[in-house]
Amino acid sequence: MADEPGPDDGLTEPPVLAPDKDVVPPTPVDADGAPEAGEDALGLGAGPDVAREQRREADEREEDDRGYNDLSRVHQLVNNNFYGVVDASGAAFGFDGVSSPGLAPGTIEPEETIRALRFYVPPQPCFDEALGKLREDALVVLTGEGNCGRGAGSLALLREILGKEARLRSLSPANALAELAVSRDLKPGQGYVILDYVGELHVEAVQTYAIGRLSEELRRKGSYLVITAGGTTHRRLALRDHCVTWRAPDPLELFERCRGLLPHAGLAPDTEQELRKRVSEQRRPADVVAAAVVLSREGTEKALDTLRDRCREVVQELFRKQPSSDDLIPLAALAFLEGIPERTFEKECAALAAHVRNWEQSGGTPVAESDDETRTALSGAVAQQSRARWKERAMGLVTIEHRPGPDRNAGRSERRLVFTEPRVREFVIAELHDLYGYELWYPLRQWLGELALLGDLDTRTEVARSVALLARHALVDVDENMLKAWSEGLTNQRVTAALALHFMCDIDHLAPQALNIALSWTDNRGPGRAVTAAMALTGRLGSLYRLEALNWLCFLTQRGERIAFSAYRSLVLLLQTAEQDPERVLFILRYVRTVIAKAAQGSRERSIALRIAVQFLEAARLEAPEPVTAGLLRTVPDSARHLGFLWADVLRSGNRSRAVSALCRTLVQLRDDPSVTGAVRELGEAMRHAMNGRQWAALCHHLSIALKHPDYAIPGARELAQVLLGSLRGRPLADSRRSASLVSTPPFPSVQGGRSK
């Protein structure tokens, strides 16, 4: 569970940007967030070069806006998948698809550690070796293959030293070691973990002497740090002496421990022998735990099916038969475009066939032989009945479903090709990577690049999802040959790259890599990649690494105008996508409050933070045309206090008119909902506590005028405003008089009927 920053929490400040010519203050904005109109803004009185540059910037802004609209649509469609209720009963060793404890930076509660280590078996001799290093140096690095139980091992080591009731702290896998090495804020007796460490943005940031100093400081304070990382970390000179190669525990020993802790019936000797044989072949502790849990819940046959993994066997059997190009190409296309409308799939499948044919005609090695029966399929022969042939040959792997489109109009559903099980897609991509070389992947990469550029949003979303699955097996290839090019391309490509990082976060060990890639795009890689990084830091990436996302987006608001505008859009999108996660909503609101509280009056940092607050208060929900503040007051009542302080800060700034308008829109939206009366009253309490008597009287005055405007003069809105402003009637008379009336104050011309001008 991530920690929540507050005004007194010692919040990590956003990275400080060194002054350079790329750093300019954000353009002043009007009520709608657009640059103020003037002669220069209209291109009047400027030379042709200036006018051309302004047109280019306007075009870039328009394209970036289109990209954010696409992102918002995708986040809206998949949002419920992120925040649905998950049964965590089988989370030990990462089983049941539950995110491993510590994946998201923050506090790991003792209950999470106990659940994760329920079936734990310490692998020997690596466990004792690592424990010895940790006791001696207060720091150890567990390296080795993925999915071998390194994460659980890190928790077990710290529990062994600090006890079962220790609250551990997980740190970010990107740049955390560099920050920790120079930090003076290490807490005594604290256990730290960095899971799936990916290194620093600048390799020279962590030197051998810094690691030595960190080890000394940890020992001095009685604290401990365990890092998990890939095998290549052995080559890092600064960490080499602290590495221990980790291995999975014996599968049979683990299986017997699980059976001892789970209810189970007796097994026939033959059945038990087969079961133990299958278990001994497993290499991932999570698979062993999964089989034991299934055996306890559903019996022997289901457990054997789990261990046999029929889904994987069917896919492997298909590829052992060396499918012809007429079967291979549609299968490869479906692996990257599952679930799109069949008509679109057939068009894109034909495009992939054309890329393959062009490769072969240029002298490349044929991908596969075409069989005699279907040799003319790639030539587009009408009589081939391609749909019937595809259905017949893909029996058991592919099926047809009728689904509505993104507009959710069930009356307009259409045929879509999907795999019979979700895991088939992953297995097909794995087989394509393992068995085929450049002769397939060159045309495939060309085709994927074309889809990222020209495909519709549904198509590009599936491309991003499949590229994330491919990154499991070929991360460097994905980064170097796809994401790097797309991240500085046109809007469609940049959105596809951002979504690929988004989907990589659904795979535990790839989430740190996704964060590292996104942050690398902010490091002097040009404005295009910086905008893509801002896009990527929304959604799942911003949910997992919430503090890092907020820090880096605030950093990007200090960059050039285009990058800054994108960063503001991303910050708003973070709040919009967090609506179903109350903890994250409060974290985001409190973060902005903290930045405002710590910034000096009149400073650029305070101006930026207030601008973020204004955009939060004015933002609309993703799922309905109403203010996001209205949705939060309904679903996250605890947000009222934080929103009240933000509103008070903005009302005391030069954005008072916009704040009053946003407050009116919120009250109008909530006017018919009696359940929010308490939240609105708390909102008023918070605002009043943050304002002096004169400021409070001014708010009553301005709100009174604004509510007379036709847009806001709706029955119920004034009554709710009375709840907001009359919430402190028990205070001294002077205060209550200021808030007693909404109508007795004379008009104030600057408000202009509640509309911001």
# chains A, B, ... in the order shown; residues from 1 in each chain; ligands from 1
$ select_by_dssp --residues "stretch 93-173 of chain A" --states "alpha helix (DSSP H)" --output "PyMOL selection string"
chain A and resi 110-116+126-137+150-162
$ write_last_selection --atoms "N, CA, C and O atoms" --output "short mmCIF file (atom, residue, chain, number, x, y, z; two decimals), in the first residue's frame"
data_model
loop_
_atom_site.label_atom_id
_atom_site.label_comp_id
_atom_site.auth_asym_id
_atom_site.auth_seq_id
_atom_site.Cartn_x
_atom_site.Cartn_y
_atom_site.Cartn_z
N PRO A 110 2.45 -5.99 7.60
CA PRO A 110 2.78 -7.37 8.03
C PRO A 110 1.81 -8.40 7.47
O PRO A 110 2.22 -9.52 7.13
N GLU A 111 0.52 -8.03 7.35
CA GLU A 111 -0.46 -8.98 6.83
C GLU A 111 -0.15 -9.38 5.39
O GLU A 111 -0.35 -10.54 4.99
N GLU A 112 0.32 -8.42 4.59
CA GLU A 112 0.68 -8.72 3.21
C GLU A 112 1.87 -9.67 3.15
O GLU A 112 1.90 -10.60 2.33
N THR A 113 2.84 -9.44 4.02
CA THR A 113 4.01 -10.31 4.05
C THR A 113 3.62 -11.73 4.47
O THR A 113 4.06 -12.72 3.87
N ILE A 114 2.78 -11.82 5.49
CA ILE A 114 2.35 -13.15 5.97
C ILE A 114 1.61 -13.89 4.87
O ILE A 114 1.82 -15.09 4.65
N ARG A 115 0.74 -13.20 4.13
CA ARG A 115 0.00 -13.85 3.06
C ARG A 115 0.93 -14.31 1.94
O ARG A 115 0.80 -15.41 1.41
N ALA A 116 1.89 -13.47 1.59
CA ALA A 116 2.81 -13.81 0.50
C ALA A 116 3.70 -14.98 0.86
O ALA A 116 4.13 -15.74 -0.03
N CYS A 126 21.23 -20.81 -1.23
CA CYS A 126 21.25 -19.37 -1.52
C CYS A 126 20.59 -18.55 -0.41
O CYS A 126 21.01 -17.41 -0.15
N PHE A 127 19.57 -19.11 0.26
CA PHE A 127 18.91 -18.33 1.32
C PHE A 127 19.88 -18.03 2.45
O PHE A 127 19.99 -16.88 2.91
N ASP A 128 20.60 -19.05 2.92
CA ASP A 128 21.55 -18.83 4.02
C ASP A 128 22.69 -17.91 3.60
O ASP A 128 23.16 -17.08 4.40
N GLU A 129 23.13 -18.03 2.34
CA GLU A 129 24.20 -17.14 1.86
C GLU A 129 23.73 -15.69 1.85
O GLU A 129 24.45 -14.78 2.29
N ALA A 130 22.51 -15.47 1.35
CA ALA A 130 21.97 -14.11 1.31
C ALA A 130 21.73 -13.57 2.71
O ALA A 130 22.00 -12.38 2.99
N LEU A 131 21.27 -14.41 3.61
CA LEU A 131 21.03 -13.98 4.98
C LEU A 131 22.33 -13.56 5.65
O LEU A 131 22.38 -12.55 6.38
N GLY A 132 23.41 -14.31 5.38
CA GLY A 132 24.70 -13.94 5.94
C GLY A 132 25.18 -12.59 5.43
O GLY A 132 25.68 -11.75 6.20
N LYS A 133 25.06 -12.36 4.11
CA LYS A 133 25.47 -11.06 3.55
C LYS A 133 24.63 -9.93 4.12
O LYS A 133 25.13 -8.83 4.40
N LEU A 134 23.34 -10.19 4.29
CA LEU A 134 22.45 -9.14 4.79
C LEU A 134 22.81 -8.79 6.24
O LEU A 134 22.82 -7.62 6.61
N ARG A 135 23.10 -9.79 7.04
CA ARG A 135 23.48 -9.51 8.44
C ARG A 135 24.80 -8.75 8.49
O ARG A 135 24.99 -7.86 9.32
N GLU A 136 25.71 -9.08 7.60
CA GLU A 136 27.05 -8.48 7.64
C GLU A 136 27.07 -7.07 7.05
O GLU A 136 27.66 -6.15 7.62
N ASP A 137 26.42 -6.91 5.86
CA ASP A 137 26.51 -5.64 5.13
C ASP A 137 25.24 -4.80 5.20
O ASP A 137 25.24 -3.65 4.72
N ARG A 150 12.32 -14.56 -6.28
CA ARG A 150 13.20 -13.55 -5.66
C ARG A 150 12.41 -12.58 -4.79
O ARG A 150 12.87 -12.17 -3.72
N GLY A 151 11.22 -12.17 -5.26
CA GLY A 151 10.42 -11.22 -4.49
C GLY A 151 10.02 -11.77 -3.14
O GLY A 151 10.16 -11.11 -2.11
N ALA A 152 9.52 -13.01 -3.14
CA ALA A 152 9.17 -13.64 -1.87
C ALA A 152 10.41 -13.82 -1.01
O ALA A 152 10.37 -13.66 0.23
N GLY A 153 11.55 -14.13 -1.64
CA GLY A 153 12.80 -14.29 -0.89
C GLY A 153 13.21 -13.01 -0.19
O GLY A 153 13.70 -13.04 0.95
N SER A 154 13.01 -11.87 -0.84
CA SER A 154 13.38 -10.59 -0.21
C SER A 154 12.56 -10.35 1.05
O SER A 154 13.09 -9.90 2.07
N LEU A 155 11.27 -10.66 0.99
CA LEU A 155 10.42 -10.48 2.17
C LEU A 155 10.80 -11.46 3.27
O LEU A 155 10.81 -11.11 4.46
N ALA A 156 11.11 -12.70 2.87
CA ALA A 156 11.47 -13.71 3.86
C ALA A 156 12.77 -13.34 4.59
O ALA A 156 12.89 -13.54 5.81
N LEU A 157 13.74 -12.81 3.87
CA LEU A 157 15.01 -12.42 4.48
C LEU A 157 14.80 -11.31 5.50
O LEU A 157 15.34 -11.35 6.62
N LEU A 158 14.03 -10.30 5.13
CA LEU A 158 13.79 -9.18 6.05
C LEU A 158 12.96 -9.63 7.25
O LEU A 158 13.19 -9.17 8.38
N ARG A 159 12.00 -10.52 7.03
CA ARG A 159 11.21 -11.02 8.15
C ARG A 159 12.08 -11.83 9.10
O ARG A 159 11.89 -11.77 10.33
N GLU A 160 13.03 -12.57 8.56
CA GLU A 160 13.91 -13.38 9.40
C GLU A 160 14.72 -12.50 10.34
O GLU A 160 14.97 -12.87 11.50
N ILE A 161 15.11 -11.31 9.88
CA ILE A 161 15.94 -10.43 10.69
C ILE A 161 15.11 -9.49 11.57
O ILE A 161 15.41 -9.29 12.75
N LEU A 162 14.03 -8.93 11.01
CA LEU A 162 13.27 -7.90 11.71
C LEU A 162 12.04 -8.42 12.44
O LEU A 162 11.43 -7.69 13.21
#
$ atom_distance --atom1 "atom CA of A:Arg247" --atom2 "atom CA of A:Arg423"
25.9 Å
$ closest_atom_pairs --of "stretch 470-587 of chain A" --to "stretch 45-62 of chain A" --cutoff "10 Å" --atoms "only C-alpha atoms" --output "tab-separated table"
residue	atom	partner	partner_atom	distance
A:Leu490	CA	A:Glu60	CA	9.7
A:Thr491	CA	A:Glu60	CA	9.1
A:Gly528	CA	A:Glu60	CA	9.7
A:Glu561	CA	A:Glu57	CA	9.4
A:Arg562	CA	A:Arg61	CA	7.0
A:Ile563	CA	A:Arg61	CA	9.8
A:Phe565	CA	A:Arg61	CA	8.4
A:Ser566	CA	A:Arg61	CA	8.8
$ residues_around --residues "A:Arg169" --least-positions-apart "6" --cutoff "9 Å" --atoms "only C-alpha atoms" --output "PDB file with N, CA, C and O atoms, in the first residue's frame"
ATOM      1  N   GLY A 102       4.735  -5.150  -2.569  1.00  0.00           N
ATOM      2  CA  GLY A 102       5.932  -4.355  -2.805  1.00  0.00           C
ATOM      3  C   GLY A 102       6.115  -3.932  -4.235  1.00  0.00           C
ATOM      4  O   GLY A 102       7.017  -3.146  -4.533  1.00  0.00           O
ATOM      5  N   PRO A 105       5.530   1.071  -4.962  1.00  0.00           N
ATOM      6  CA  PRO A 105       6.292   1.640  -3.846  1.00  0.00           C
ATOM      7  C   PRO A 105       5.374   2.072  -2.709  1.00  0.00           C
ATOM      8  O   PRO A 105       4.270   2.568  -2.925  1.00  0.00           O
ATOM      9  N   GLY A 106       5.839   1.884  -1.492  1.00  0.00           N
ATOM     10  CA  GLY A 106       5.053   2.245  -0.319  1.00  0.00           C
ATOM     11  C   GLY A 106       5.271   1.244   0.801  1.00  0.00           C
ATOM     12  O   GLY A 106       6.208   0.444   0.773  1.00  0.00           O
ATOM     13  N   THR A 107       4.399   1.280   1.785  1.00  0.00           N
ATOM     14  CA  THR A 107       4.520   0.405   2.950  1.00  0.00           C
ATOM     15  C   THR A 107       3.946  -0.977   2.647  1.00  0.00           C
ATOM     16  O   THR A 107       2.884  -1.095   2.036  1.00  0.00           O
ATOM     17  N   ILE A 108       4.661  -2.004   3.049  1.00  0.00           N
ATOM     18  CA  ILE A 108       4.170  -3.387   2.978  1.00  0.00           C
ATOM     19  C   ILE A 108       3.762  -3.777   4.391  1.00  0.00           C
ATOM     20  O   ILE A 108       4.600  -3.918   5.283  1.00  0.00           O
ATOM     21  N   GLU A 109       2.474  -3.933   4.590  1.00  0.00           N
ATOM     22  CA  GLU A 109       1.975  -4.249   5.918  1.00  0.00           C
ATOM     23  C   GLU A 109       2.336  -5.694   6.290  1.00  0.00           C
ATOM     24  O   GLU A 109       2.493  -6.547   5.415  1.00  0.00           O
ATOM     25  N   GLN A 190      14.434  -0.109   9.972  1.00  0.00           N
ATOM     26  CA  GLN A 190      13.497  -0.234   8.850  1.00  0.00           C
ATOM     27  C   GLN A 190      14.013  -1.248   7.828  1.00  0.00           C
ATOM     28  O   GLN A 190      15.209  -1.295   7.540  1.00  0.00           O
ATOM     29  N   GLY A 191      13.117  -2.051   7.281  1.00  0.00           N
ATOM     30  CA  GLY A 191      13.473  -2.953   6.197  1.00  0.00           C
ATOM     31  C   GLY A 191      13.028  -2.369   4.872  1.00  0.00           C
ATOM     32  O   GLY A 191      11.866  -1.970   4.711  1.00  0.00           O
ATOM     33  N   TYR A 192      13.939  -2.288   3.911  1.00  0.00           N
ATOM     34  CA  TYR A 192      13.649  -1.727   2.588  1.00  0.00           C
ATOM     35  C   TYR A 192      13.792  -2.817   1.531  1.00  0.00           C
ATOM     36  O   TYR A 192      14.684  -3.673   1.627  1.00  0.00           O
ATOM     37  N   VAL A 193      12.928  -2.765   0.505  1.00  0.00           N
ATOM     38  CA  VAL A 193      13.076  -3.655  -0.647  1.00  0.00           C
ATOM     39  C   VAL A 193      12.973  -2.835  -1.917  1.00  0.00           C
ATOM     40  O   VAL A 193      12.211  -1.864  -1.999  1.00  0.00           O
ATOM     41  N   ILE A 194      13.758  -3.216  -2.908  1.00  0.00           N
ATOM     42  CA  ILE A 194      13.623  -2.689  -4.273  1.00  0.00           C
ATOM     43  C   ILE A 194      13.435  -3.907  -5.166  1.00  0.00           C
ATOM     44  O   ILE A 194      14.372  -4.682  -5.378  1.00  0.00           O
TER      45      ILE A 194
END
$ closest_residue --among "A:Leu142, A:Leu553, A:Ile714, A:Gln695" --to "A:Leu239" --atoms "only C-alpha atoms"
A:Leu142
$ closest_residue --among "A:Cys258, A:Leu617, A:Ala166, A:Ile340" --to "A:Phe419" --atoms "only C-alpha atoms"
A:Ile340
$ residues_around --residues "A:Glu256" --least-positions-apart "5" --cutoff "12 Å" --atoms "only C-alpha atoms" --output "VMD selection string"
chain A and resid 119 to 121 249 to 251 261 to 262 264 272 275 to 276 279 to 280 288 to 289 291 to 293 295
